[in-house]
$ cat upload.pdb   # PDB, C-alpha atoms
ATOM      1  CA  MET A   1       1.920  -1.320  20.323  1.00  0.00           C
ATOM      2  CA  ASP A   2      -1.172   0.204  18.748  1.00  0.00           C
ATOM      3  CA  HIS A   3      -0.432   3.332  16.700  1.00  0.00           C
ATOM      4  CA  TYR A   4      -3.194   5.184  18.584  1.00  0.00           C
ATOM      5  CA  GLN A   5      -1.074   4.944  21.736  1.00  0.00           C
ATOM      6  CA  LEU A   6       1.480   7.170  20.012  1.00  0.00           C
ATOM      7  CA  MET A   7      -1.066   9.876  19.153  1.00  0.00           C
ATOM      8  CA  SER A   8      -2.624  12.447  21.454  1.00  0.00           C
ATOM      9  CA  ALA A   9      -6.404  12.723  21.686  1.00  0.00           C
ATOM     10  CA  ILE A  10      -6.247  15.930  19.622  1.00  0.00           C
ATOM     11  CA  ALA A  11      -4.159  14.216  16.938  1.00  0.00           C
ATOM     12  CA  ILE A  12      -6.632  11.325  16.775  1.00  0.00           C
ATOM     13  CA  ALA A  13      -9.563  13.749  16.422  1.00  0.00           C
ATOM     14  CA  ARG A  14      -7.731  15.639  13.669  1.00  0.00           C
ATOM     15  CA  PHE A  15      -6.905  12.401  11.852  1.00  0.00           C
ATOM     16  CA  TRP A  16     -10.516  11.194  11.849  1.00  0.00           C
ATOM     17  CA  THR A  17     -11.845  14.645  10.962  1.00  0.00           C
ATOM     18  CA  LEU A  18      -9.563  14.702   7.932  1.00  0.00           C
ATOM     19  CA  ALA A  19     -10.512  11.124   7.017  1.00  0.00           C
ATOM     20  CA  MET A  20     -14.225  11.964   7.175  1.00  0.00           C
ATOM     21  CA  LEU A  21     -13.677  15.153   5.166  1.00  0.00           C
ATOM     22  CA  ALA A  22     -11.969  13.136   2.420  1.00  0.00           C
ATOM     23  CA  TYR A  23     -14.760  10.555   2.479  1.00  0.00           C
ATOM     24  CA  VAL A  24     -17.507  13.195   2.212  1.00  0.00           C
ATOM     25  CA  PHE A  25     -15.633  14.916  -0.620  1.00  0.00           C
ATOM     26  CA  LEU A  26     -15.345  11.628  -2.540  1.00  0.00           C
ATOM     27  CA  GLU A  27     -18.997  10.768  -1.900  1.00  0.00           C
ATOM     28  CA  GLU A  28     -20.090  14.149  -3.294  1.00  0.00           C
ATOM     29  CA  GLU A  29     -17.848  13.681  -6.321  1.00  0.00           C
ATOM     30  CA  ARG A  30     -19.203  10.144  -6.772  1.00  0.00           C
ATOM     31  CA  ASP A  31     -22.761  11.488  -6.742  1.00  0.00           C
ATOM     32  CA  ARG A  32     -21.869  14.188  -9.298  1.00  0.00           C
ATOM     33  CA  LEU A  33     -20.209  11.628 -11.581  1.00  0.00           C
ATOM     34  CA  GLN A  34     -23.190   9.255 -11.348  1.00  0.00           C
ATOM     35  CA  THR A  35     -25.412  12.062 -12.592  1.00  0.00           C
ATOM     36  CA  GLN A  36     -22.954  13.036 -15.311  1.00  0.00           C
ATOM     37  CA  TRP A  37     -22.128   9.500 -16.484  1.00  0.00           C
ATOM     38  CA  GLN A  38     -25.663   8.121 -15.967  1.00  0.00           C
ATOM     39  CA  ARG A  39     -24.412   4.946 -14.278  1.00  0.00           C
ATOM     40  CA  PRO A  40     -23.355   3.748 -10.823  1.00  0.00           C
ATOM     41  CA  VAL A  41     -19.903   5.003  -9.794  1.00  0.00           C
ATOM     42  CA  THR A  42     -17.752   3.636  -6.977  1.00  0.00           C
ATOM     43  CA  ILE A  43     -15.843   5.830  -4.566  1.00  0.00           C
ATOM     44  CA  GLY A  44     -12.643   4.398  -6.077  1.00  0.00           C
ATOM     45  CA  GLU A  45     -13.710   5.495  -9.555  1.00  0.00           C
ATOM     46  CA  ALA A  46     -14.411   8.970  -8.174  1.00  0.00           C
ATOM     47  CA  ARG A  47     -10.916   9.100  -6.662  1.00  0.00           C
ATOM     48  CA  ARG A  48      -9.332   7.993  -9.925  1.00  0.00           C
ATOM     49  CA  GLU A  49     -11.304  10.591 -11.894  1.00  0.00           C
ATOM     50  CA  ILE A  50     -10.166  13.350  -9.526  1.00  0.00           C
ATOM     51  CA  GLN A  51      -6.557  12.187  -9.905  1.00  0.00           C
ATOM     52  CA  ARG A  52      -6.932  12.083 -13.695  1.00  0.00           C
ATOM     53  CA  ARG A  53      -8.273  15.658 -13.765  1.00  0.00           C
ATOM     54  CA  HIS A  54      -5.510  16.900 -11.466  1.00  0.00           C
ATOM     55  CA  ARG A  55      -2.816  15.276 -13.613  1.00  0.00           C
ATOM     56  CA  ARG A  56      -4.363  16.845 -16.717  1.00  0.00           C
ATOM     57  CA  HIS A  57      -4.469  20.300 -15.086  1.00  0.00           C
ATOM     58  CA  LEU A  58      -0.850  19.928 -13.971  1.00  0.00           C
ATOM     59  CA  LEU A  59       0.281  18.954 -17.470  1.00  0.00           C
ATOM     60  CA  ASP A  60      -1.663  21.849 -19.026  1.00  0.00           C
ATOM     61  CA  TRP A  61      -0.115  24.261 -16.508  1.00  0.00           C
ATOM     62  CA  LEU A  62       3.395  22.914 -17.134  1.00  0.00           C
ATOM     63  CA  GLN A  63       2.919  23.322 -20.878  1.00  0.00           C
ATOM     64  CA  GLU A  64       1.819  26.946 -20.351  1.00  0.00           C
ATOM     65  CA  GLN A  65       4.853  27.597 -18.164  1.00  0.00           C
ATOM     66  CA  PHE A  66       7.299  26.204 -20.709  1.00  0.00           C
ATOM     67  CA  GLN A  67       5.584  28.019 -23.582  1.00  0.00           C
ATOM     68  CA  SER A  68       5.921  31.278 -21.660  1.00  0.00           C
ATOM     69  CA  GLY A  69       9.680  30.683 -21.531  1.00  0.00           C
ATOM     70  CA  ILE A  70      10.214  29.653 -17.931  1.00  0.00           C
ATOM     71  CA  GLU A  71      13.505  27.849 -17.343  1.00  0.00           C
ATOM     72  CA  PRO A  72      13.353  24.319 -15.895  1.00  0.00           C
ATOM     73  CA  ASP A  73      15.450  25.360 -12.870  1.00  0.00           C
ATOM     74  CA  SER A  74      13.017  28.188 -12.093  1.00  0.00           C
ATOM     75  CA  LEU A  75      10.095  25.815 -12.370  1.00  0.00           C
ATOM     76  CA  TYR A  76      11.861  23.315 -10.118  1.00  0.00           C
ATOM     77  CA  GLU A  77      12.356  26.006  -7.462  1.00  0.00           C
ATOM     78  CA  LEU A  78       8.716  27.016  -7.765  1.00  0.00           C
ATOM     79  CA  LEU A  79       7.495  23.440  -7.279  1.00  0.00           C
ATOM     80  CA  SER A  80       9.977  22.240  -4.673  1.00  0.00           C
ATOM     81  CA  ALA A  81       9.799  22.803  -0.958  1.00  0.00           C
ATOM     82  CA  GLU A  82      13.424  23.926  -1.016  1.00  0.00           C
ATOM     83  CA  ARG A  83      13.333  27.703  -0.982  1.00  0.00           C
TER      84      ARG A  83
END

$ encode --input "upload.pdb" --output "structure tokens"
Amino acid sequence: MDHYQLMSAIAIARFWTLAMLAYVFLEEERDRLQTQWQRPVTIGEARREIQRRHRRHLLDWLQEQFQSGIEPDSLYELLSAER
């Protein structure tokens, strides 16, 4: 059975809207990186660069939290969906 048969028309429209939004975002980032790096950039490279920056920001934020004295359990509660 095709997975589309399990989705409503609204769900399908939302899925493709989100997919196109992600694609446009990556294309804009790819264009920005091509200008910055002065070379052709693939959409995959753009995705990896975004992930690299996000990981770096997360690590910087975690370091700030620990330096400010936050306890690991408090940080876990802050980051987890279990509240």

$ atom_distance --input "upload.pdb" --atom1 "atom CA of A:Arg52" --atom2 "atom CA of A:Arg14"
27.6 Å

$ closest_residue --input "upload.pdb" --among "A:Met7, A:Leu26, A:Met20, A:Ile12" --to "A:Gln51" --atoms "all atoms listed in the file"
A:Leu26

$ atom_distance --input "upload.pdb" --atom1 "atom CA of A:Tyr23" --atom2 "atom CA of A:Ile50"
13.2 Å

$ resolve_selection --input "upload.pdb" --expression "the PyMOL selection byres ((chain A and resi 38-48) around 12)" --output "JSON, numbers by chain"
{"A": [22, 23, 24, 25, 26, 27, 28, 29, 30, 31, 32, 33, 34, 35, 36, 37, 49, 50, 51, 52, 53, 54, 55]}

$ atom_distance --input "upload.pdb" --atom1 "atom CA of A:Leu79" --atom2 "atom CA of A:Gln65"
11.9 Å

$ closest_residue --input "upload.pdb" --among "A:Ala11, A:Leu75, A:Ala81, A:Leu21" --to "A:Leu62" --atoms "only C-alpha atoms"
A:Leu75

$ decode --input "upload.pdb" --residues "stretch 15-45 of chain A" --atoms "N, CA and C atoms" --output "PDB file, in the first residue's frame"
ATOM      1  N   PHE A  15       3.073  18.111   4.139  1.00  0.00           N
ATOM      2  CA  PHE A  15       4.345  17.424   3.929  1.00  0.00           C
ATOM      3  C   PHE A  15       5.132  18.085   2.804  1.00  0.00           C
ATOM      4  N   TRP A  16       4.491  18.295   1.645  1.00  0.00           N
ATOM      5  CA  TRP A  16       5.202  18.861   0.509  1.00  0.00           C
ATOM      6  C   TRP A  16       5.526  20.332   0.712  1.00  0.00           C
ATOM      7  N   THR A  17       4.704  21.049   1.451  1.00  0.00           N
ATOM      8  CA  THR A  17       5.025  22.440   1.782  1.00  0.00           C
ATOM      9  C   THR A  17       6.289  22.494   2.628  1.00  0.00           C
ATOM     10  N   LEU A  18       6.367  21.622   3.620  1.00  0.00           N
ATOM     11  CA  LEU A  18       7.551  21.565   4.475  1.00  0.00           C
ATOM     12  C   LEU A  18       8.781  21.127   3.681  1.00  0.00           C
ATOM     13  N   ALA A  19       8.608  20.152   2.794  1.00  0.00           N
ATOM     14  CA  ALA A  19       9.733  19.693   1.970  1.00  0.00           C
ATOM     15  C   ALA A  19      10.249  20.822   1.075  1.00  0.00           C
ATOM     16  N   MET A  20       9.348  21.578   0.471  1.00  0.00           N
ATOM     17  CA  MET A  20       9.760  22.685  -0.390  1.00  0.00           C
ATOM     18  C   MET A  20      10.400  23.806   0.420  1.00  0.00           C
ATOM     19  N   LEU A  21       9.891  24.057   1.616  1.00  0.00           N
ATOM     20  CA  LEU A  21      10.486  25.064   2.494  1.00  0.00           C
ATOM     21  C   LEU A  21      11.931  24.695   2.821  1.00  0.00           C
ATOM     22  N   ALA A  22      12.162  23.434   3.157  1.00  0.00           N
ATOM     23  CA  ALA A  22      13.519  22.970   3.464  1.00  0.00           C
ATOM     24  C   ALA A  22      14.420  23.107   2.239  1.00  0.00           C
ATOM     25  N   TYR A  23      13.897  22.757   1.075  1.00  0.00           N
ATOM     26  CA  TYR A  23      14.683  22.849  -0.153  1.00  0.00           C
ATOM     27  C   TYR A  23      15.064  24.295  -0.457  1.00  0.00           C
ATOM     28  N   VAL A  24      14.101  25.211  -0.347  1.00  0.00           N
ATOM     29  CA  VAL A  24      14.377  26.628  -0.611  1.00  0.00           C
ATOM     30  C   VAL A  24      15.396  27.162   0.391  1.00  0.00           C
ATOM     31  N   PHE A  25      15.249  26.792   1.658  1.00  0.00           N
ATOM     32  CA  PHE A  25      16.204  27.213   2.677  1.00  0.00           C
ATOM     33  C   PHE A  25      17.615  26.747   2.317  1.00  0.00           C
ATOM     34  N   LEU A  26      17.760  25.475   1.939  1.00  0.00           N
ATOM     35  CA  LEU A  26      19.074  24.943   1.584  1.00  0.00           C
ATOM     36  C   LEU A  26      19.624  25.589   0.313  1.00  0.00           C
ATOM     37  N   GLU A  27      18.769  25.876  -0.644  1.00  0.00           N
ATOM     38  CA  GLU A  27      19.219  26.546  -1.865  1.00  0.00           C
ATOM     39  C   GLU A  27      19.735  27.950  -1.553  1.00  0.00           C
ATOM     40  N   GLU A  28      19.047  28.676  -0.672  1.00  0.00           N
ATOM     41  CA  GLU A  28      19.508  30.014  -0.297  1.00  0.00           C
ATOM     42  C   GLU A  28      20.828  29.938   0.458  1.00  0.00           C
ATOM     43  N   GLU A  29      20.962  28.958   1.333  1.00  0.00           N
ATOM     44  CA  GLU A  29      22.214  28.775   2.060  1.00  0.00           C
ATOM     45  C   GLU A  29      23.334  28.371   1.099  1.00  0.00           C
ATOM     46  N   ARG A  30      23.022  27.524   0.137  1.00  0.00           N
ATOM     47  CA  ARG A  30      24.000  27.111  -0.871  1.00  0.00           C
ATOM     48  C   ARG A  30      24.502  28.323  -1.648  1.00  0.00           C
ATOM     49  N   ASP A  31      23.587  29.190  -2.045  1.00  0.00           N
ATOM     50  CA  ASP A  31      23.956  30.399  -2.783  1.00  0.00           C
ATOM     51  C   ASP A  31      24.851  31.304  -1.932  1.00  0.00           C
ATOM     52  N   ARG A  32      24.515  31.468  -0.663  1.00  0.00           N
ATOM     53  CA  ARG A  32      25.316  32.294   0.247  1.00  0.00           C
ATOM     54  C   ARG A  32      26.721  31.711   0.399  1.00  0.00           C
ATOM     55  N   LEU A  33      26.806  30.394   0.556  1.00  0.00           N
ATOM     56  CA  LEU A  33      28.107  29.744   0.723  1.00  0.00           C
ATOM     57  C   LEU A  33      28.952  29.837  -0.550  1.00  0.00           C
ATOM     58  N   GLN A  34      28.313  29.732  -1.715  1.00  0.00           N
ATOM     59  CA  GLN A  34      29.061  29.866  -2.972  1.00  0.00           C
ATOM     60  C   GLN A  34      29.713  31.235  -3.059  1.00  0.00           C
ATOM     61  N   THR A  35      28.988  32.262  -2.639  1.00  0.00           N
ATOM     62  CA  THR A  35      29.545  33.611  -2.634  1.00  0.00           C
ATOM     63  C   THR A  35      30.675  33.713  -1.619  1.00  0.00           C
ATOM     64  N   GLN A  36      30.454  33.169  -0.443  1.00  0.00           N
ATOM     65  CA  GLN A  36      31.448  33.244   0.627  1.00  0.00           C
ATOM     66  C   GLN A  36      32.694  32.428   0.300  1.00  0.00           C
ATOM     67  N   TRP A  37      32.516  31.215  -0.189  1.00  0.00           N
ATOM     68  CA  TRP A  37      33.638  30.306  -0.436  1.00  0.00           C
ATOM     69  C   TRP A  37      34.249  30.480  -1.831  1.00  0.00           C
ATOM     70  N   GLN A  38      33.572  31.221  -2.696  1.00  0.00           N
ATOM     71  CA  GLN A  38      34.059  31.471  -4.060  1.00  0.00           C
ATOM     72  C   GLN A  38      34.292  30.178  -4.846  1.00  0.00           C
ATOM     73  N   ARG A  39      33.336  29.250  -4.712  1.00  0.00           N
ATOM     74  CA  ARG A  39      33.404  28.000  -5.481  1.00  0.00           C
ATOM     75  C   ARG A  39      32.010  27.389  -5.507  1.00  0.00           C
ATOM     76  N   PRO A  40      31.759  26.469  -6.432  1.00  0.00           N
ATOM     77  CA  PRO A  40      30.457  25.794  -6.451  1.00  0.00           C
ATOM     78  C   PRO A  40      30.242  24.993  -5.162  1.00  0.00           C
ATOM     79  N   VAL A  41      29.011  25.014  -4.673  1.00  0.00           N
ATOM     80  CA  VAL A  41      28.646  24.307  -3.440  1.00  0.00           C
ATOM     81  C   VAL A  41      27.400  23.479  -3.732  1.00  0.00           C
ATOM     82  N   THR A  42      27.398  22.233  -3.300  1.00  0.00           N
ATOM     83  CA  THR A  42      26.216  21.388  -3.486  1.00  0.00           C
ATOM     84  C   THR A  42      25.228  21.632  -2.349  1.00  0.00           C
ATOM     85  N   ILE A  43      23.997  21.210  -2.568  1.00  0.00           N
ATOM     86  CA  ILE A  43      22.988  21.339  -1.523  1.00  0.00           C
ATOM     87  C   ILE A  43      23.354  20.469  -0.313  1.00  0.00           C
ATOM     88  N   GLY A  44      24.023  19.347  -0.566  1.00  0.00           N
ATOM     89  CA  GLY A  44      24.487  18.488   0.527  1.00  0.00           C
ATOM     90  C   GLY A  44      25.557  19.169   1.363  1.00  0.00           C
ATOM     91  N   GLU A  45      26.473  19.879   0.699  1.00  0.00           N
ATOM     92  CA  GLU A  45      27.491  20.630   1.437  1.00  0.00           C
ATOM     93  C   GLU A  45      26.846  21.717   2.284  1.00  0.00           C
TER      94      GLU A  45
END
